[in-house]
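Novice: Input data.txt, format and content: compact mmCIF, C-alpha atoms.
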```
# COMPACT_ATOMS: atom_id res chain seq x y z
CA MET A 1 93.42 36.13 77.66
CA GLU A 2 93.65 34.74 74.13
CA PHE A 3 97.10 33.87 72.82
CA SER A 4 96.89 36.39 69.96
CA THR A 5 95.96 39.17 72.38
CA MET A 6 98.78 38.25 74.78
CA ALA A 7 101.28 38.10 71.92
CA GLY A 8 100.24 41.54 70.77
CA TRP A 9 100.55 42.92 74.30
CA LEU A 10 104.05 41.45 74.73
CA THR A 11 105.10 42.85 71.36
CA THR A 12 103.91 46.30 72.40
CA ILE A 13 105.88 46.14 75.66
CA ALA A 14 109.01 45.00 73.80
CA CYS A 15 108.69 47.85 71.33
CA MET A 16 108.30 50.35 74.16
CA PHE A 17 111.52 49.05 75.76
CA CYS A 18 113.39 49.24 72.45
CA ALA A 19 112.19 52.80 71.96
CA CYS A 20 113.65 53.74 75.33
CA THR A 21 117.06 52.25 74.59
CA SER A 22 117.31 53.37 70.97
CA LYS A 23 118.56 56.64 69.60
CA PRO A 24 117.16 58.32 66.47
CA GLU A 25 118.58 56.79 63.31
CA SER A 26 119.70 60.25 62.15
CA VAL A 27 122.10 60.56 65.10
CA PRO A 28 125.58 59.36 64.04
CA PHE A 29 127.98 57.16 65.97
CA TYR A 30 131.37 58.70 66.73
CA VAL A 31 134.72 56.94 66.79
CA THR A 32 136.75 58.97 69.29
CA ALA A 33 140.49 58.66 69.76
CA HIS A 34 141.66 58.89 73.38
CA ARG A 35 144.28 61.65 73.76
CA GLY A 36 144.85 61.15 70.05
CA ALA A 37 145.60 57.64 68.82
CA SER A 38 147.45 57.06 72.09
CA GLY A 39 147.92 53.34 71.48
CA TRP A 40 150.13 54.26 68.53
CA ALA A 41 151.76 57.56 69.46
CA PRO A 42 152.51 59.58 72.61
CA GLU A 43 149.30 60.93 74.12
CA ASN A 44 148.25 64.54 73.61
CA THR A 45 150.88 65.27 70.96
CA LEU A 46 150.51 66.37 67.36
CA ALA A 47 151.82 62.95 66.33
CA ALA A 48 148.93 61.28 68.15
CA PHE A 49 146.33 63.54 66.53
CA THR A 50 147.84 63.07 63.09
CA LYS A 51 147.63 59.30 63.62
CA ALA A 52 144.04 59.59 64.84
CA ILE A 53 143.06 61.33 61.61
CA GLU A 54 144.92 58.70 59.58
CA LEU A 55 143.00 55.92 61.36
CA GLY A 56 139.59 57.41 60.64
CA SER A 57 138.63 59.03 63.94
CA ASP A 58 135.57 61.28 63.96
CA TYR A 59 136.65 62.93 67.22
CA SER A 60 139.67 62.99 69.44
CA GLU A 61 139.49 63.48 73.17
CA LEU A 62 142.24 65.61 74.68
CA ASP A 63 143.11 67.14 78.07
CA VAL A 64 143.80 70.82 78.65
CA ARG A 65 145.56 72.84 81.34
CA LEU A 66 147.05 76.33 81.57
CA SER A 67 150.70 77.26 81.36
CA LYS A 68 152.20 79.76 83.81
CA ASP A 69 151.51 82.55 81.32
CA GLY A 70 147.90 81.51 80.75
CA VAL A 71 148.12 79.58 77.47
CA VAL A 72 145.85 76.55 76.99
CA VAL A 73 148.13 73.54 76.53
CA LEU A 74 147.66 69.79 76.46
CA SER A 75 148.49 67.51 79.38
CA HIS A 76 146.50 64.82 81.16
CA ASP A 77 148.53 64.99 84.38
CA ASP A 78 149.21 68.16 86.30
CA SER A 79 152.72 66.78 86.85
CA LEU A 80 155.12 66.72 83.91
CA ARG A 81 157.09 63.76 85.24
CA ARG A 82 155.39 60.87 83.40
CA THR A 83 155.42 62.29 79.87
CA THR A 84 158.47 64.58 79.87
CA GLY A 85 160.62 63.49 82.81
CA GLN A 86 160.56 67.05 84.13
CA SER A 87 159.81 68.04 87.71
CA GLY A 88 156.98 70.35 88.63
CA ALA A 89 153.52 70.98 87.23
CA VAL A 90 152.34 72.38 83.92
CA TRP A 91 151.41 75.71 85.50
CA ASP A 92 154.94 76.15 86.87
CA TYR A 93 156.28 76.86 83.37
CA THR A 94 155.63 79.40 80.63
CA LEU A 95 154.72 78.16 77.16
CA GLU A 96 158.23 78.94 75.95
CA GLU A 97 159.66 76.78 78.72
CA LEU A 98 157.19 73.95 78.13
CA LYS A 99 158.17 73.90 74.46
CA THR A 100 161.73 72.93 75.40
CA PHE A 101 160.58 69.62 76.92
CA ASP A 102 160.53 66.28 75.08
CA ALA A 103 157.00 64.84 75.29
CA GLY A 104 157.61 61.88 72.99
CA SER A 105 160.66 59.85 74.03
CA TRP A 106 158.84 58.20 76.95
CA PHE A 107 156.65 56.44 74.39
CA GLY A 108 159.36 55.47 71.93
CA PRO A 109 162.64 56.78 70.50
CA GLU A 110 161.00 57.45 67.15
CA PHE A 111 158.94 60.18 68.84
CA ALA A 112 161.89 62.00 70.41
CA GLY A 113 161.42 65.74 70.22
CA GLU A 114 157.60 65.76 70.21
CA LYS A 115 156.46 68.93 71.92
CA ILE A 116 153.62 69.76 74.28
CA PRO A 117 151.10 71.39 71.92
CA THR A 118 148.73 74.25 72.55
CA LEU A 119 145.00 73.81 71.98
CA GLN A 120 145.28 76.31 69.15
CA GLU A 121 147.95 74.22 67.42
CA VAL A 122 145.81 71.09 67.65
CA MET A 123 142.76 72.87 66.25
CA ARG A 124 144.75 74.16 63.30
CA LEU A 125 146.09 70.67 62.63
CA VAL A 126 142.72 68.88 62.71
CA LYS A 127 140.35 71.57 61.35
CA GLY A 128 138.03 70.05 58.76
CA LYS A 129 139.43 66.55 59.39
CA MET A 130 138.43 65.64 62.94
CA LYS A 131 136.40 67.14 65.79
CA LEU A 132 137.56 67.52 69.38
CA ASN A 133 136.27 66.42 72.78
CA ILE A 134 138.04 68.91 75.04
CA GLU A 135 138.35 67.65 78.60
CA VAL A 136 138.98 70.51 81.01
CA LYS A 137 141.25 69.54 83.88
CA ILE A 138 140.60 71.52 87.03
CA SER A 139 142.98 72.88 89.64
CA ARG A 140 142.87 75.83 92.02
CA LYS A 141 145.91 77.04 90.07
CA GLU A 142 143.83 77.46 86.91
CA PRO A 143 140.55 79.18 87.88
CA GLU A 144 140.17 80.95 84.53
CA ILE A 145 140.70 77.90 82.31
CA VAL A 146 137.08 77.57 81.13
CA GLN A 147 137.03 81.13 79.82
CA LYS A 148 140.42 80.63 78.15
CA VAL A 149 139.26 77.43 76.41
CA ILE A 150 136.12 79.13 75.10
CA GLU A 151 138.22 82.03 73.81
CA VAL A 152 140.42 79.66 71.79
CA ILE A 153 137.37 77.87 70.39
CA ARG A 154 135.87 81.19 69.25
CA GLN A 155 139.15 82.49 67.83
CA GLU A 156 139.72 79.34 65.79
CA GLY A 157 136.12 79.05 64.58
CA PHE A 158 135.78 75.64 66.20
CA ASP A 159 132.28 76.23 67.61
CA LYS A 160 130.66 73.51 65.48
CA ASP A 161 133.51 71.05 65.77
CA CYS A 162 133.92 70.39 69.48
CA MET A 163 132.38 69.47 72.80
CA ILE A 164 133.68 70.42 76.25
CA THR A 165 133.68 67.86 79.05
CA SER A 166 134.90 67.60 82.63
CA PHE A 167 134.72 65.42 85.73
CA ASP A 168 133.94 68.58 87.68
CA GLN A 169 130.23 69.41 87.73
CA ALA A 170 130.78 73.10 88.47
CA THR A 171 133.08 73.35 85.47
CA VAL A 172 130.48 71.85 83.14
CA GLU A 173 127.86 74.22 84.51
CA LYS A 174 130.27 77.12 83.91
CA VAL A 175 130.67 76.07 80.28
CA ILE A 176 126.88 76.01 79.85
CA GLU A 177 126.61 79.45 81.48
CA LEU A 178 129.35 81.08 79.38
CA ALA A 179 128.77 79.26 76.09
CA PRO A 180 125.32 77.64 75.94
CA ASP A 181 125.78 76.93 72.23
CA LEU A 182 128.72 74.59 72.86
CA PRO A 183 127.88 70.93 73.65
CA ALA A 184 128.91 70.13 77.22
CA GLY A 185 129.27 66.82 79.01
CA LEU A 186 129.82 65.47 82.50
CA ILE A 187 132.44 62.74 82.85
CA PHE A 188 131.99 60.10 85.54
CA SER A 189 132.86 56.51 86.35
CA GLU A 190 129.87 55.43 88.41
CA THR A 191 126.17 56.22 88.52
CA THR A 192 125.31 56.45 92.22
CA LYS A 193 124.55 60.15 91.83
CA ALA A 194 121.06 60.59 90.41
CA ASP A 195 121.87 64.10 89.19
CA VAL A 196 124.00 62.79 86.32
CA PHE A 197 120.70 62.27 84.49
CA ALA A 198 118.99 65.41 85.81
CA GLY A 199 121.75 67.94 85.13
CA PRO A 200 121.69 70.49 82.29
CA TRP A 201 124.51 68.84 80.30
CA PRO A 202 123.38 67.10 77.08
CA ILE A 203 126.25 64.58 77.08
CA LEU A 204 127.16 61.82 79.54
CA SER A 205 130.77 60.67 79.23
CA VAL A 206 130.83 57.47 81.24
CA ARG A 207 133.25 54.67 82.07
CA PHE A 208 132.40 51.51 80.13
CA SER A 209 131.84 49.42 83.27
CA ALA A 210 128.85 51.57 84.26
CA VAL A 211 126.99 51.13 80.96
CA ASN A 212 124.23 48.55 80.64
CA GLU A 213 120.66 48.46 79.32
CA ALA A 214 119.24 50.10 82.44
CA PHE A 215 121.73 52.96 82.18
CA VAL A 216 120.91 53.50 78.52
CA VAL A 217 117.16 53.54 79.25
CA LYS A 218 117.62 56.23 81.93
CA ALA A 219 119.91 58.29 79.72
CA ARG A 220 117.53 58.19 76.75
CA LYS A 221 114.57 59.13 78.92
CA ALA A 222 116.56 62.12 80.12
CA GLY A 223 117.46 63.07 76.54
CA LYS A 224 121.18 62.49 77.02
CA ARG A 225 123.80 61.39 74.52
CA ILE A 226 126.14 58.63 75.70
CA HIS A 227 129.89 58.60 75.07
CA VAL A 228 131.77 55.71 76.68
CA TRP A 229 135.42 55.61 77.79
CA THR A 230 138.00 54.04 77.47
CA VAL A 231 137.38 50.85 75.47
CA ASN A 232 140.16 48.88 73.77
CA ASP A 233 138.64 45.38 73.84
CA GLU A 234 136.84 44.44 70.61
CA GLN A 235 134.12 42.35 72.27
CA LYS A 236 133.31 45.19 74.66
CA MET A 237 133.07 47.48 71.65
CA ARG A 238 130.53 45.10 70.09
CA ASP A 239 128.52 44.97 73.31
CA LEU A 240 128.36 48.75 73.48
CA LEU A 241 127.41 49.07 69.83
CA ALA A 242 124.53 46.67 70.52
CA LEU A 243 123.34 49.08 73.24
CA LYS A 244 123.41 51.89 70.65
CA VAL A 245 125.61 54.32 72.51
CA ASP A 246 126.52 57.49 70.64
CA GLY A 247 130.28 57.16 70.76
CA ILE A 248 133.19 55.15 72.10
CA ILE A 249 136.52 56.59 73.20
CA THR A 250 139.50 54.32 72.54
CA ASN A 251 143.29 54.31 72.35
CA TYR A 252 142.92 52.31 69.12
CA PRO A 253 140.46 54.02 66.74
CA ASP A 254 141.46 51.65 63.94
CA ARG A 255 140.27 48.72 66.07
CA LEU A 256 136.93 50.40 66.76
CA ARG A 257 136.51 51.37 63.10
CA LYS A 258 137.03 47.73 62.10
CA VAL A 259 134.47 46.48 64.63
CA LEU A 260 131.99 49.15 63.55
CA THR A 261 132.36 48.16 59.90
CA GLU A 262 131.91 44.47 60.70
CA THR A 263 128.83 45.21 62.81
CA ARG A 264 127.22 47.27 60.06
CA LEU A 265 127.91 44.58 57.47
CA LYS A 266 126.11 42.01 59.64
CA SER A 267 123.06 44.20 60.24
```
Transcribe the structure of this file into structure tokens.
Specialist:
Amino acid sequence: MEFSTMAGWLTTIACMFCACTSKPESVPFYVTAHRGASGWAPENTLAAFTKAIELGSDYSELDVRLSKDGVVVLSHDDSLRRTTGQSGAVWDYTLEELKTFDAGSWFGPEFAGEKIPTLQEVMRLVKGKMKLNIEVKISRKEPEIVQKVIEVIRQEGFDKDCMITSFDQATVEKVIELAPDLPAGLIFSETTKADVFAGPWPILSVRFSAVNEAFVVKARKAGKRIHVWTVNDEQKMRDLLALKVDGIITNYPDRLRKVLTETRLKS
């Protein structure tokens, strides 16, 4: 084979590989704050979401559960101990009772008195300023949570400004069944299950350690968008940007915004 022919063949193969790992240029990259700007303010509080907006976040991830009286509220843990010092689980208390708890002092005295917010309150705070990645936490105590979350989204006109994600495959499938117009994503930390690429969800929300070129190739071939969690190291952010993922979730959105700006200036 002549050198010129071989060079052309190798170039073609390289271009094919790049096409598999690349996303369309029209698809934006999203800076996503993790539970609000949780490196700077207590997670899942209005203070954290206000800070996330201030730091230039496109999205904020948050975690939802149901109160005893069926209101969608924010909490990563089912237990209230870590963030409020209270005993029991979120679903053991009514919204009125939950609102008496201090969800900020554990992070710092300057946040004393921060309350557990409802999903509705967060949406009204961020509307027109930042979108939401709503992670649905699942428990046998909260079987109707998916329907409740969708109701709040519809009531607040947030249909175009959110995605719904969960570690629980059945929950994601329920979202797609009840609200096929809302972007849905499966969250996972490893890729041993082949069905993460074959499932009906358009978004893969994946732990950073599982993301490499091979993963990106498979995801693109399956038509999936890739959102990576939770990344606070600047070099890891650069590595993921080089792989052209669709979004990175971080406790420090200002750090990611800086890295993104530097990367774009160099390109």
Novice: Do you know which residues are at most 10 Å from Gly56 of chain A counting all atoms listed in the file, after dropping those on the same chain fewer than 3 positions away, and could you put them as a list in words?
Specialist: Val31, Thr32, Ala33, Lys51, Ala52, Ile53, Tyr59, Lys129, Met130, Pro253, Asp254, Leu256 and Arg257 of chain A
Novice: The selected residues should be written to file as a PDB file, in the coordinates of the input (atoms: C-alpha atoms).
Specialist:
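Dumped to selection_21.pdb:
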```pdb
ATOM      1  CA  VAL A  31     134.720  56.940  66.790  1.00  0.00           C
ATOM      2  CA  THR A  32     136.750  58.970  69.290  1.00  0.00           C
ATOM      3  CA  ALA A  33     140.490  58.660  69.760  1.00  0.00           C
ATOM      4  CA  LYS A  51     147.630  59.300  63.620  1.00  0.00           C
ATOM      5  CA  ALA A  52     144.040  59.590  64.840  1.00  0.00           C
ATOM      6  CA  ILE A  53     143.060  61.330  61.610  1.00  0.00           C
ATOM      7  CA  TYR A  59     136.650  62.930  67.220  1.00  0.00           C
ATOM      8  CA  LYS A 129     139.430  66.550  59.390  1.00  0.00           C
ATOM      9  CA  MET A 130     138.430  65.640  62.940  1.00  0.00           C
ATOM     10  CA  PRO A 253     140.460  54.020  66.740  1.00  0.00           C
ATOM     11  CA  ASP A 254     141.460  51.650  63.940  1.00  0.00           C
ATOM     12  CA  LEU A 256     136.930  50.400  66.760  1.00  0.00           C
ATOM     13  CA  ARG A 257     136.510  51.370  63.100  1.00  0.00           C
TER      14      ARG A 257
END
```
Novice: Please determine the residues with any atom at most 9 Å from (136.1, 57.5, 69.5) (coordinates as given in the file, with all atoms listed in the file counting) and report them as a PyMOL selection string.
Specialist: chain A and resi 29-34+57-61+227-230+247-253+256-257
Novice: Find the residue from A:Trp106, A:Gly113, A:Ile226, A:Glu144 that sits nearest to Asn212 of chain A; use all atoms listed in the file when measuring.
Specialist: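 That would be A:Ile226, the residue with the smallest distance to Asn212 of chain A.
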Novice: Provide the atom CA of Leu132 of chain A to atom CA of Arg154 of chain A distance in Å, to one decimal place.
Specialist: 13.8 Å
Novice: List the spatial neighbours of Lys68 of chain A as a PyMOL selection string - criterion: any atom at most 7 Å away, all atoms listed in the file, same-chain residues fewer than 4 positions off excluded.
Specialist: chain A and resi 91-94
Novice: Could you tell me how far atom CA of Thr261 of chain A lies from atom CA of Leu240 of chain A, in Å and to one decimal?
Specialist: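 Atom-to-atom, atom CA of Thr261 of chain A to atom CA of Leu240 of chain A, that is 14.2 Å.
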Novice: Atom CA of Gly185 of chain A to atom CA of Ala219 of chain A: how many Å, to one decimal?
Specialist: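 So the answer is 12.7 Å.
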Novice: Taking into account all atoms listed in the file, which residue in the set A:Val71, A:Val172, A:Val136, A:Leu241 is nearest to Val152 of chain A?
Specialist: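 Closest candidate: A:Val71.
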Novice: Write out as a list in words each polymer residue whose atoms come within 12 Å of Glu114 of chain A, counting all atoms listed in the file; drop sequence neighbours fewer than 6 positions from it.
Specialist: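 The filter keeps Ala41, Pro42, Glu43, Asn44, Thr45, Leu46, Ala47, Ala48, Thr83, Thr84, Leu98, Lys99, Thr100, Phe101, Asp102, Ala103, Gly104, Ser105, Trp106, Phe107 and Gly108 of chain A.
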Novice: Within 10 Å of (128.1, 47.2, 71.9), all atoms listed in the file: residues as a list of chain:residue names?
Specialist: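 The distance filter leaves exactly A:Val211, A:Asn212, A:Glu234, A:Gln235, A:Lys236, A:Met237, A:Arg238, A:Asp239, A:Leu240, A:Leu241, A:Ala242, A:Leu243, A:Lys244, A:Val245, A:Ile248, A:Val259, A:Leu260, A:Thr263.
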Novice: Just the residues within 8 Å of Lys218 of chain A, please, counting only C-alpha atoms, with nothing from its chain fewer than 4 positions along; format it as a list in words.
Specialist: Phe197, Ala214 and Ala222 of chain A
Novice: With distances taken over all atoms listed in the file, which residue among A:Gly36, A:Pro143, A:Pro28, A:Gly128 lies nearest Arg65 of chain A?
Specialist: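 Among A:Gly36, A:Pro143, A:Pro28, A:Gly128, it is A:Pro143 that comes nearest to Arg65 of chain A.
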Novice: Choose the residue, out of A:Trp40, A:Asp63, A:Glu121, A:Asp233, that has the smallest atom-to-atom separation from Phe167 of chain A; count all atoms listed in the file.
Specialist: A:Asp63
